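See below for data_11.csv, which holds CSV, C-alpha atoms and all ligand atoms.
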```csv
chain,number,residue,atom,x,y,z
A,1,MET,CA,51.8,94.3,76.0
A,2,HIS,CA,51.3,95.8,79.4
A,3,ASN,CA,52.8,92.7,81.0
A,4,LEU,CA,55.8,92.9,78.7
A,5,THR,CA,56.4,96.5,79.6
A,6,GLY,CA,56.0,95.6,83.3
A,7,VAL,CA,58.6,92.9,83.0
A,8,ARG,CA,61.0,95.3,81.3
A,9,GLU,CA,60.5,97.9,84.0
A,10,ASP,CA,61.0,95.2,86.7
A,11,LYS,CA,64.2,94.1,84.9
A,12,ASP,CA,65.4,97.7,84.8
A,13,ILE,CA,64.8,98.1,88.5
A,14,VAL,CA,66.6,94.9,89.3
A,15,VAL,CA,69.5,95.6,87.0
A,16,ARG,CA,69.9,99.4,87.5
A,17,HIS,CA,69.4,99.4,91.2
A,18,PHE,CA,69.9,96.0,92.8
A,19,LEU,CA,72.6,94.4,90.6
A,20,ASP,CA,74.4,97.7,90.2
A,21,SER,CA,74.5,98.1,94.0
A,22,VAL,CA,75.8,94.6,94.5
A,23,SER,CA,78.4,95.0,91.8
A,24,LEU,CA,80.3,97.2,94.2
A,25,SER,CA,81.4,94.0,95.9
A,26,LEU,CA,83.5,93.2,92.8
A,27,CYS,CA,85.5,96.3,93.4
A,28,LEU,CA,86.0,95.5,97.1
A,29,ARG,CA,87.2,92.1,96.0
A,30,GLU,CA,89.5,93.5,93.3
A,31,LYS,CA,91.1,95.9,95.7
A,32,GLY,CA,91.6,93.2,98.3
A,33,VAL,CA,89.2,94.7,100.9
A,34,LYS,CA,88.0,92.0,103.3
A,35,VAL,CA,84.5,92.8,104.5
A,36,GLU,CA,84.4,90.5,107.5
A,37,GLY,CA,83.5,92.5,110.6
A,38,LEU,CA,84.0,95.9,109.1
A,39,SER,CA,81.7,98.9,109.3
A,40,LEU,CA,80.3,100.2,106.0
A,41,CYS,CA,78.4,103.5,105.7
A,42,ASP,CA,76.3,104.5,102.6
A,43,VAL,CA,76.1,108.3,102.4
A,44,GLY,CA,73.0,109.8,100.7
A,45,THR,CA,71.4,106.4,100.4
A,46,GLY,CA,68.0,107.6,99.3
A,47,ALA,CA,65.9,104.5,99.1
A,48,GLY,CA,68.8,102.3,100.3
A,49,PHE,CA,71.1,102.0,97.4
A,50,PRO,CA,73.7,100.6,97.4
A,51,GLY,CA,73.7,99.9,101.1
A,52,VAL,CA,70.7,97.6,101.5
A,53,PRO,CA,71.5,95.3,98.6
A,54,LEU,CA,75.1,95.1,99.9
A,55,LYS,CA,73.8,94.1,103.3
A,56,ILE,CA,71.5,91.5,101.8
A,57,TYR,CA,74.5,90.2,99.9
A,58,TYR,CA,77.1,90.1,102.7
A,59,GLY,CA,74.7,89.4,105.6
A,60,GLU,CA,76.2,89.3,109.1
A,61,ARG,CA,79.7,89.9,107.7
A,62,LEU,CA,79.0,93.6,107.3
A,63,GLU,CA,77.8,96.2,109.8
A,64,LEU,CA,75.8,98.7,107.8
A,65,THR,CA,74.9,102.4,108.5
A,66,LEU,CA,72.8,104.4,106.2
A,67,ILE,CA,73.0,108.2,106.1
A,68,GLU,CA,70.2,110.2,104.6
A,69,ALA,CA,69.2,113.8,105.1
A,70,VAL,CA,65.6,113.7,104.0
A,71,ALA,CA,63.2,112.6,106.8
A,72,LYS,CA,60.6,111.0,104.5
A,73,LYS,CA,63.3,108.8,103.0
A,74,CYS,CA,64.6,107.9,106.5
A,75,SER,CA,61.0,106.8,107.4
A,76,PHE,CA,61.0,104.5,104.4
A,77,LEU,CA,64.4,103.0,105.3
A,78,GLU,CA,63.1,102.3,108.8
A,79,TYR,CA,60.0,100.7,107.4
A,80,LEU,CA,62.1,98.6,105.0
A,81,ARG,CA,64.3,97.4,107.8
A,82,VAL,CA,61.3,96.0,109.7
A,83,ARG,CA,59.8,94.5,106.5
A,84,LEU,CA,63.0,92.8,105.5
A,85,GLY,CA,64.1,91.9,109.0
A,86,ILE,CA,67.7,93.1,108.2
A,87,PRO,CA,69.7,94.9,110.9
A,88,TYR,CA,71.1,98.3,109.9
A,89,ARG,CA,71.2,101.8,111.4
A,90,VAL,CA,69.7,104.9,109.8
A,91,LEU,CA,71.3,108.2,110.7
A,92,CYS,CA,68.7,110.8,109.5
A,93,LYS,CA,70.9,113.9,109.1
A,94,GLU,CA,73.2,115.6,106.8
A,95,ALA,CA,76.5,113.7,106.4
A,96,GLN,CA,78.4,116.8,107.5
A,97,LYS,CA,76.8,116.5,110.9
A,98,VAL,CA,77.8,112.9,111.5
A,99,GLN,CA,80.7,112.6,114.0
A,100,GLU,CA,81.3,108.8,113.6
A,101,LYS,CA,83.9,107.1,111.5
A,102,PHE,CA,83.4,103.9,109.4
A,103,THR,CA,86.0,101.6,107.8
A,104,VAL,CA,84.4,101.8,104.4
A,105,VAL,CA,82.3,104.7,103.1
A,106,VAL,CA,80.4,104.3,99.9
A,107,SER,CA,78.1,106.6,97.8
A,108,ARG,CA,76.0,106.3,94.6
A,109,ALA,CA,74.7,109.3,92.7
A,110,LEU,CA,75.5,111.7,95.5
A,111,GLY,CA,76.9,114.5,93.4
A,112,ARG,CA,80.1,116.0,92.0
A,113,LEU,CA,83.4,114.3,93.0
A,114,GLU,CA,84.9,117.6,94.2
A,115,GLU,CA,82.1,117.9,96.9
A,116,VAL,CA,81.5,114.2,97.5
A,117,ILE,CA,85.1,113.1,98.2
A,118,PRO,CA,85.8,115.6,101.0
A,119,LEU,CA,82.4,114.8,102.6
A,120,MET,CA,83.2,111.1,102.5
A,121,GLU,CA,86.7,111.5,103.7
A,122,GLY,CA,85.4,113.0,106.9
A,123,LEU,CA,83.5,109.8,107.7
A,124,SER,CA,86.1,107.3,106.6
A,125,GLU,CA,88.8,105.5,108.5
A,126,LYS,CA,90.1,103.6,105.5
A,127,TYR,CA,88.4,103.2,102.2
A,128,LEU,CA,86.1,105.4,100.0
A,129,LEU,CA,84.2,104.0,97.1
A,130,VAL,CA,82.2,106.3,94.8
A,131,MET,CA,79.9,104.7,92.2
A,132,LYS,CA,79.9,106.5,88.9
A,133,GLY,CA,78.1,106.0,85.6
A,134,ARG,CA,81.1,107.1,83.6
A,135,GLU,CA,84.9,106.9,83.8
A,136,PRO,CA,86.1,109.3,86.5
A,137,GLU,CA,88.2,112.2,85.2
A,138,GLY,CA,91.4,113.0,86.9
A,139,ASP,CA,94.1,110.8,88.4
A,140,TYR,CA,91.9,108.5,90.4
A,141,ASP,CA,92.2,104.8,91.0
A,142,TYR,CA,89.0,103.0,90.0
A,143,CYS,CA,87.4,99.7,89.2
A,144,LYS,CA,85.7,99.2,85.9
A,145,ILE,CA,82.5,97.1,86.3
A,146,ASP,CA,81.8,95.3,83.0
A,147,LEU,CA,78.9,92.9,83.2
A,148,PRO,CA,76.3,92.1,80.5
A,149,ASP,CA,73.8,94.7,81.7
A,150,ILE,CA,76.1,96.9,83.8
A,151,GLN,CA,78.9,99.1,82.7
A,152,SER,CA,80.0,101.4,85.4
A,153,TYR,CA,83.0,102.7,87.4
A,154,VAL,CA,83.8,102.7,91.1
A,155,LEU,CA,86.3,105.3,92.2
A,156,PHE,CA,88.5,103.8,94.9
A,157,LEU,CA,90.5,105.7,97.5
A,158,ALA,CA,92.4,104.1,100.4
A,159,LYS,CA,93.4,106.5,103.2
A,160,THR,CA,97.0,106.1,104.1
A,161,ARG,CA,96.9,108.0,107.4
B,201,LIG,C1,70.3,111.2,93.8
B,201,LIG,S1,69.9,110.5,95.4
B,201,LIG,C2,70.8,108.9,95.3
B,201,LIG,C3,70.2,107.9,96.2
B,201,LIG,C4,70.8,106.5,96.2
B,201,LIG,N1,72.2,106.6,96.6
B,201,LIG,C5,70.8,105.9,94.8
B,201,LIG,O1,71.8,105.6,94.2
B,201,LIG,O2,69.6,105.6,94.4
B,201,LIG,C6,71.0,111.4,96.5
B,201,LIG,C7,70.5,111.2,97.9
B,201,LIG,O3,71.5,111.8,98.8
B,201,LIG,C8,70.8,112.6,99.8
B,201,LIG,N2,71.8,113.6,100.2
B,201,LIG,C9,72.3,114.6,99.5
B,201,LIG,N3,73.2,115.3,100.2
B,201,LIG,C10,73.3,114.7,101.4
B,201,LIG,C11,74.0,115.0,102.6
B,201,LIG,N4,74.9,116.0,102.7
B,201,LIG,N5,73.9,114.2,103.7
B,201,LIG,C12,73.0,113.1,103.6
B,201,LIG,N6,72.2,112.8,102.5
B,201,LIG,C13,72.4,113.6,101.5
B,201,LIG,C14,69.6,113.1,99.1
B,201,LIG,O4,68.6,113.4,100.1
B,201,LIG,C15,69.2,111.9,98.2
B,201,LIG,O5,68.3,111.0,98.9
```
Let me see the structure of the file written as structure tokens.
Ligand SMILES: C[S@@+](CC[C@H](N)C(=O)[O-])C[C@H]1O[C@@H](n2cnc3c(N)ncnc32)[C@H](O)[C@@H]1O
Amino acid sequence: MHNLTGVREDKDIVVRHFLDSVSLSLCLREKGVKVEGLSLCDVGTGAGFPGVPLKIYYGERLELTLIEAVAKKCSFLEYLRVRLGIPYRVLCKEAQKVQEKFTVVVSRALGRLEEVIPLMEGLSEKYLLVMKGREPEGDYDYCKIDLPDIQSYVLFLAKTR
């Protein structure tokens, strides 16, 4: 019984965090964004979602930066980088204080769209993708992710200037 529960919890972690994170690649493909050589920043990454699974998925094609405000989480991300042997940068500060720009800026469970979008716009040269559990309200372009275990939405914004 304990084992069964454990398996279910493991499956939940794999599906809810890892597969959900990688499912963002479907939206990039749907919108015709070529990832080769571009810089991607994950804002408010927490334990590394969706950034780290995306880096595992895309490998060297993608240059990844993680932004996280909480020092303890940043320490975990640095530890994870060494354990996994995967190159990425961790900027341990509030996103508002980051001066750099990235081609693609993504976020997952970062907060309300009215606050998250302006924050991400300040970091983005071209594309913003905001992962959402439910259909975004308002006049936004988005991808609908509809997989056997994952139904979610990714708001997609392309900067025109
Ligand atoms: C709910 S968690 C989501 C973590 C991860 N994206 C996920 O989907 O599991 C939100 C994270 O964003 C971080 N955060 C919130 N506001 C931030 C900001 N302005 N700059 C950087 N990190 C921020 C928090 O510390 C927290 O780790």
Just how far from atom CA of Cys27 of chain A is atom CA of Phe156 of chain A, in Å to one decimal? 8.2 Å
Chain A residues near ligand LIG 201 (chain B) within 10 Å, closest pair each, using only C-alpha atoms and all ligand atoms, as a tab-separated table:
```
residue	atom	partner	partner_atom	distance
A:Arg16	CA	B:LIG201	O2	9.3
A:His17	CA	B:LIG201	O2	7.0
A:Phe18	CA	B:LIG201	O2	9.7
A:Asp20	CA	B:LIG201	O1	9.2
A:Ser21	CA	B:LIG201	O1	8.0
A:Asp42	CA	B:LIG201	N1	7.6
A:Val43	CA	B:LIG201	C12	5.8
A:Gly44	CA	B:LIG201	O3	3.1
A:Thr45	CA	B:LIG201	N1	3.9
A:Gly46	CA	B:LIG201	O5	3.4
A:Ala47	CA	B:LIG201	C4	6.0
A:Gly48	CA	B:LIG201	C4	6.2
A:Phe49	CA	B:LIG201	C4	4.7
A:Pro50	CA	B:LIG201	O1	6.2
A:Gly51	CA	B:LIG201	N1	8.2
A:Leu66	CA	B:LIG201	C12	9.1
A:Ile67	CA	B:LIG201	C12	5.5
A:Glu68	CA	B:LIG201	N6	3.9
A:Ala69	CA	B:LIG201	N6	4.1
A:Val70	CA	B:LIG201	O4	4.9
A:Ala71	CA	B:LIG201	O4	8.6
A:Lys72	CA	B:LIG201	O4	9.4
A:Lys73	CA	B:LIG201	O5	6.8
A:Cys74	CA	B:LIG201	O5	9.0
A:Leu91	CA	B:LIG201	C12	8.8
A:Cys92	CA	B:LIG201	C12	7.7
A:Lys93	CA	B:LIG201	C12	5.9
A:Glu94	CA	B:LIG201	N5	3.5
A:Ala95	CA	B:LIG201	N5	3.8
A:Gln96	CA	B:LIG201	N4	6.0
A:Lys97	CA	B:LIG201	N5	8.1
A:Val98	CA	B:LIG201	N5	8.8
A:Val106	CA	B:LIG201	N1	9.1
A:Ser107	CA	B:LIG201	N1	6.0
A:Arg108	CA	B:LIG201	O1	4.3
A:Ala109	CA	B:LIG201	C2	4.7
A:Leu110	CA	B:LIG201	C6	4.6
A:Gly111	CA	B:LIG201	C6	7.4
A:Glu115	CA	B:LIG201	N4	9.4
A:Val116	CA	B:LIG201	N4	8.6
A:Leu119	CA	B:LIG201	N4	7.6
A:Met120	CA	B:LIG201	N4	9.6
A:Met131	CA	B:LIG201	O1	8.4
A:Lys132	CA	B:LIG201	O1	9.7
```
One-decimal distance in Å that lies between atom CA of Val52 of chain A and atom CA of Leu77 of chain A: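 Atom CA of Val52 of chain A lies at a distance of 9.1 Å from atom CA of Leu77 of chain A.
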Identify which of the residues A:Ser39, A:Ile56, A:Asp141, A:Leu80 lies closest to Lys101 of chain A, counting only C-alpha atoms when measuring atom-to-atom distances.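 Closest candidate: A:Ser39.
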How far is it from atom CA of Gly37 of chain A to atom CA of Lys55 of chain A, in Å with one decimal? 12.2 Å
Tell me, as a PyMOL selection string, which residues lie within 7 Å of Leu123 of chain A, counting only C-alpha atoms; anything in the same chain fewer than 6 positions away does not count. chain A and resi 100-102+105
Considering all atoms listed in the file, can you say which of A:Leu155, A:Tyr57, A:Asp12, A:Leu28 comes closest to Asp139 of chain A? A:Leu155
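When all atoms listed in the file are used to compute distances to Gly59 of chain A, the closest of the residues A:Val14, A:Leu26, A:Val35, A:Leu128 turns out to be A:Val35.
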Residue with smallest distance to Ser124 of chain A - pool A:Pro136, A:Leu64, A:Leu40, A:Tyr58, counting all atoms listed in the file: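 Nearest candidate to Ser124 of chain A out of A:Pro136, A:Leu64, A:Leu40, A:Tyr58: A:Leu40.
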For segment 145-161 of chain A, supply N, CA and C atoms and report the output as a JSON list (two decimals), in the frame of the given file.
```
[["chain", "number", "residue", "atom", "x", "y", "z"],
["A", 145, "ILE", "N", 83.48, 98.18, 86.17],
["A", 145, "ILE", "CA", 82.50, 97.10, 86.30],
["A", 145, "ILE", "C", 81.97, 96.83, 84.86],
["A", 146, "ASP", "N", 82.21, 95.64, 84.36],
["A", 146, "ASP", "CA", 81.80, 95.30, 83.00],
["A", 146, "ASP", "C", 81.04, 94.01, 82.97],
["A", 147, "LEU", "N", 79.73, 94.10, 83.21],
["A", 147, "LEU", "CA", 78.90, 92.90, 83.20],
["A", 147, "LEU", "C", 77.90, 93.06, 82.04],
["A", 148, "PRO", "N", 77.20, 91.99, 81.66],
["A", 148, "PRO", "CA", 76.30, 92.10, 80.50],
["A", 148, "PRO", "C", 75.36, 93.27, 80.52],
["A", 149, "ASP", "N", 74.78, 93.57, 81.67],
["A", 149, "ASP", "CA", 73.80, 94.70, 81.70],
["A", 149, "ASP", "C", 74.35, 95.90, 82.49],
["A", 150, "ILE", "N", 75.55, 95.81, 83.00],
["A", 150, "ILE", "CA", 76.10, 96.90, 83.80],
["A", 150, "ILE", "C", 77.47, 97.29, 83.39],
["A", 151, "GLN", "N", 77.61, 98.51, 82.92],
["A", 151, "GLN", "CA", 78.90, 99.10, 82.70],
["A", 151, "GLN", "C", 79.05, 100.31, 83.53],
["A", 152, "SER", "N", 79.89, 100.25, 84.52],
["A", 152, "SER", "CA", 80.00, 101.40, 85.40],
["A", 152, "SER", "C", 81.43, 101.47, 85.98],
["A", 153, "TYR", "N", 81.64, 102.47, 86.80],
["A", 153, "TYR", "CA", 83.00, 102.70, 87.40],
["A", 153, "TYR", "C", 82.80, 102.92, 88.89],
["A", 154, "VAL", "N", 83.77, 102.44, 89.64],
["A", 154, "VAL", "CA", 83.80, 102.70, 91.10],
["A", 154, "VAL", "C", 85.11, 103.33, 91.43],
["A", 155, "LEU", "N", 85.05, 104.59, 91.80],
["A", 155, "LEU", "CA", 86.30, 105.30, 92.20],
["A", 155, "LEU", "C", 86.70, 104.70, 93.56],
["A", 156, "PHE", "N", 87.98, 104.40, 93.70],
["A", 156, "PHE", "CA", 88.50, 103.80, 94.90],
["A", 156, "PHE", "C", 89.60, 104.58, 95.54],
["A", 157, "LEU", "N", 89.41, 104.96, 96.80],
["A", 157, "LEU", "CA", 90.50, 105.70, 97.50],
["A", 157, "LEU", "C", 90.75, 104.98, 98.82],
["A", 158, "ALA", "N", 92.02, 104.74, 99.09],
["A", 158, "ALA", "CA", 92.40, 104.10, 100.40],
["A", 158, "ALA", "C", 93.21, 105.17, 101.14],
["A", 159, "LYS", "N", 92.74, 105.50, 102.35],
["A", 159, "LYS", "CA", 93.40, 106.50, 103.20],
["A", 159, "LYS", "C", 94.69, 105.90, 103.72],
["A", 160, "THR", "N", 95.75, 106.66, 103.66],
["A", 160, "THR", "CA", 97.00, 106.10, 104.10],
["A", 160, "THR", "C", 97.35, 106.60, 105.53],
["A", 161, "ARG", "N", 96.59, 107.55, 106.04],
["A", 161, "ARG", "CA", 96.90, 108.00, 107.40],
["A", 161, "ARG", "C", 95.55, 108.30, 108.11]]
```
